[in-house]
$ cat my_file_20.cif   # mmCIF, C-alpha atoms; chains and numbers go by the auth columns
data_protein
#
loop_
_atom_site.group_PDB
_atom_site.id
_atom_site.type_symbol
_atom_site.label_atom_id
_atom_site.label_comp_id
_atom_site.label_asym_id
_atom_site.label_seq_id
_atom_site.Cartn_x
_atom_site.Cartn_y
_atom_site.Cartn_z
_atom_site.B_iso_or_equiv
_atom_site.auth_seq_id
_atom_site.auth_asym_id
ATOM 1 C CA MET A 1 0.000 0.000 0.000 0.00 214 A
ATOM 2 C CA THR A 2 1.299 3.445 -0.914 0.00 215 A
ATOM 3 C CA LYS A 3 1.705 6.000 1.822 0.00 216 A
ATOM 4 C CA ALA A 4 -0.224 9.247 1.233 0.00 217 A
ATOM 5 C CA LYS A 5 1.966 12.202 0.348 0.00 218 A
ATOM 6 C CA GLU A 6 2.596 14.682 3.151 0.00 219 A
ATOM 7 C CA TYR A 7 2.701 18.423 2.513 0.00 220 A
ATOM 8 C CA ILE A 8 3.540 21.585 4.389 0.00 221 A
ATOM 9 C CA ALA A 9 1.233 24.549 3.779 0.00 222 A
ATOM 10 C CA TYR A 10 2.539 28.112 3.637 0.00 223 A
ATOM 11 C CA LYS A 11 0.749 31.415 3.305 0.00 224 A
ATOM 12 C CA GLY A 12 3.490 33.787 2.318 0.00 225 A
ATOM 13 C CA ASP A 13 6.401 33.052 4.655 0.00 226 A
ATOM 14 C CA ARG A 14 4.155 31.703 7.431 0.00 227 A
ATOM 15 C CA PRO A 15 3.825 27.913 7.829 0.00 228 A
ATOM 16 C CA LEU A 16 0.218 26.856 8.471 0.00 229 A
ATOM 17 C CA GLY A 17 0.578 23.126 9.091 0.00 230 A
ATOM 18 C CA THR A 18 1.502 19.744 7.713 0.00 231 A
ATOM 19 C CA GLY A 19 -0.460 16.709 6.572 0.00 232 A
ATOM 20 C CA THR A 20 -2.136 15.216 3.539 0.00 233 A
ATOM 21 C CA VAL A 21 -4.094 17.468 1.189 0.00 234 A
ATOM 22 C CA LYS A 22 -7.333 16.180 2.735 0.00 235 A
ATOM 23 C CA GLU A 23 -6.157 16.845 6.308 0.00 236 A
ATOM 24 C CA LEU A 24 -4.960 20.340 5.434 0.00 237 A
ATOM 25 C CA ALA A 25 -8.181 21.171 3.565 0.00 238 A
ATOM 26 C CA GLU A 26 -10.286 20.143 6.565 0.00 239 A
ATOM 27 C CA GLY A 27 -8.013 21.816 9.113 0.00 240 A
ATOM 28 C CA LEU A 28 -7.565 25.096 7.253 0.00 241 A
ATOM 29 C CA GLY A 29 -11.094 25.371 5.890 0.00 242 A
ATOM 30 C CA TYR A 30 -10.262 25.217 2.182 0.00 243 A
ATOM 31 C CA ALA A 31 -11.775 23.051 -0.534 0.00 244 A
ATOM 32 C CA TYR A 32 -9.827 19.881 -1.292 0.00 245 A
ATOM 33 C CA SER A 33 -9.715 20.811 -4.990 0.00 246 A
ATOM 34 C CA THR A 34 -8.191 24.210 -4.217 0.00 247 A
ATOM 35 C CA LEU A 35 -5.372 22.826 -2.101 0.00 248 A
ATOM 36 C CA SER A 36 -4.844 19.928 -4.484 0.00 249 A
ATOM 37 C CA PHE A 37 -4.252 22.428 -7.298 0.00 250 A
ATOM 38 C CA ASN A 38 -1.991 24.493 -5.041 0.00 251 A
ATOM 39 C CA THR A 39 0.503 21.605 -4.938 0.00 252 A
ATOM 40 C CA SER A 40 1.199 22.070 -8.662 0.00 253 A
ATOM 41 C CA PRO A 41 4.031 24.033 -10.260 0.00 254 A
ATOM 42 C CA SER A 42 1.402 26.054 -12.176 0.00 255 A
ATOM 43 C CA ALA A 43 -0.136 27.336 -8.944 0.00 256 A
ATOM 44 C CA HIS A 44 3.283 28.240 -7.590 0.00 257 A
ATOM 45 C CA LYS A 45 4.113 30.209 -10.748 0.00 258 A
ATOM 46 C CA ARG A 46 0.748 32.009 -10.799 0.00 259 A
ATOM 47 C CA SER A 47 0.984 33.110 -7.181 0.00 260 A
ATOM 48 C CA GLY A 48 4.276 34.944 -7.677 0.00 261 A
ATOM 49 C CA ASP A 49 5.258 36.594 -4.397 0.00 262 A
ATOM 50 C CA SER A 50 1.696 36.860 -3.104 0.00 263 A
ATOM 51 C CA ASP A 51 1.212 36.526 0.655 0.00 264 A
ATOM 52 C CA ARG A 52 -2.502 35.821 0.144 0.00 265 A
ATOM 53 C CA VAL A 53 -2.231 32.375 -1.436 0.00 266 A
ATOM 54 C CA VAL A 54 -1.828 29.086 0.452 0.00 267 A
ATOM 55 C CA LEU A 55 0.748 26.932 -1.325 0.00 268 A
ATOM 56 C CA LEU A 56 1.586 23.317 -0.531 0.00 269 A
ATOM 57 C CA TYR A 57 5.055 21.821 -0.778 0.00 270 A
ATOM 58 C CA GLU A 58 5.622 18.072 -0.687 0.00 271 A
ATOM 59 C CA ILE A 59 7.660 16.777 2.236 0.00 272 A
ATOM 60 C CA LYS A 60 10.128 14.247 0.887 0.00 273 A
ATOM 61 C CA ASP A 61 11.434 11.411 3.045 0.00 274 A
ATOM 62 C CA ASP A 62 15.112 10.609 2.726 0.00 275 A
ATOM 63 C CA GLU A 63 14.148 6.933 2.347 0.00 276 A
ATOM 64 C CA GLU A 64 12.047 7.656 -0.762 0.00 277 A
ATOM 65 C CA GLU A 65 15.048 8.943 -2.700 0.00 278 A
ATOM 66 C CA ASP A 66 16.994 5.647 -2.481 0.00 279 A
#
$ encode --input "my_file_20.cif" --output "structure tokens"
Amino acid sequence: MTKAKEYIAYKGDRPLGTGTVKELAEGLGYAYSTLSFNTSPSAHKRSGDSDRVVLLYEIKDDEEED
């Protein structure tokens, strides 16, 4: 079974939390589809330097890279 990807959410320079997209959506009060899109490179490019957008960055385990 594949482990769900873990993300860290940022709004500007401020970290908001960590977890799966579903956990973050529920905890932060955003739609799953919104945060799912905000994991993509396209969302990161569109946001520029905006402090108003919540962006998600995947947390990579060292074990996954082997």
$ atom_distance --input "my_file_20.cif" --atom1 "atom CA of A:Ala217" --atom2 "atom CA of A:Ser263"
28.0 Å
$ resolve_selection --input "my_file_20.cif" --expression "the PyMOL selection byres ((chain A and resi 235) around 9)" --output "list in words"
Gly232, Thr233, Val234, Glu236, Leu237, Ala238, Glu239, Gly240, Ala244, Tyr245, Leu248 and Ser249 of chain A
$ atom_distance --input "my_file_20.cif" --atom1 "atom CA of A:Val266" --atom2 "atom CA of A:Lys224"
5.7 Å
$ resolve_selection --input "my_file_20.cif" --expression "the PyMOL selection byres ((chain A and resi 228) around 12)" --output "MDAnalysis selection string"
chainID A and resid 220:227 229:231 237 241 264 266:270
$ closest_residue --input "my_file_20.cif" --among "A:Gly242, A:Phe250, A:Arg265, A:Ile272" --to "A:Glu219" --atoms "all atoms listed in the file"
A:Ile272
$ atom_distance --input "my_file_20.cif" --atom1 "atom CA of A:Ser246" --atom2 "atom CA of A:Lys216"
19.9 Å
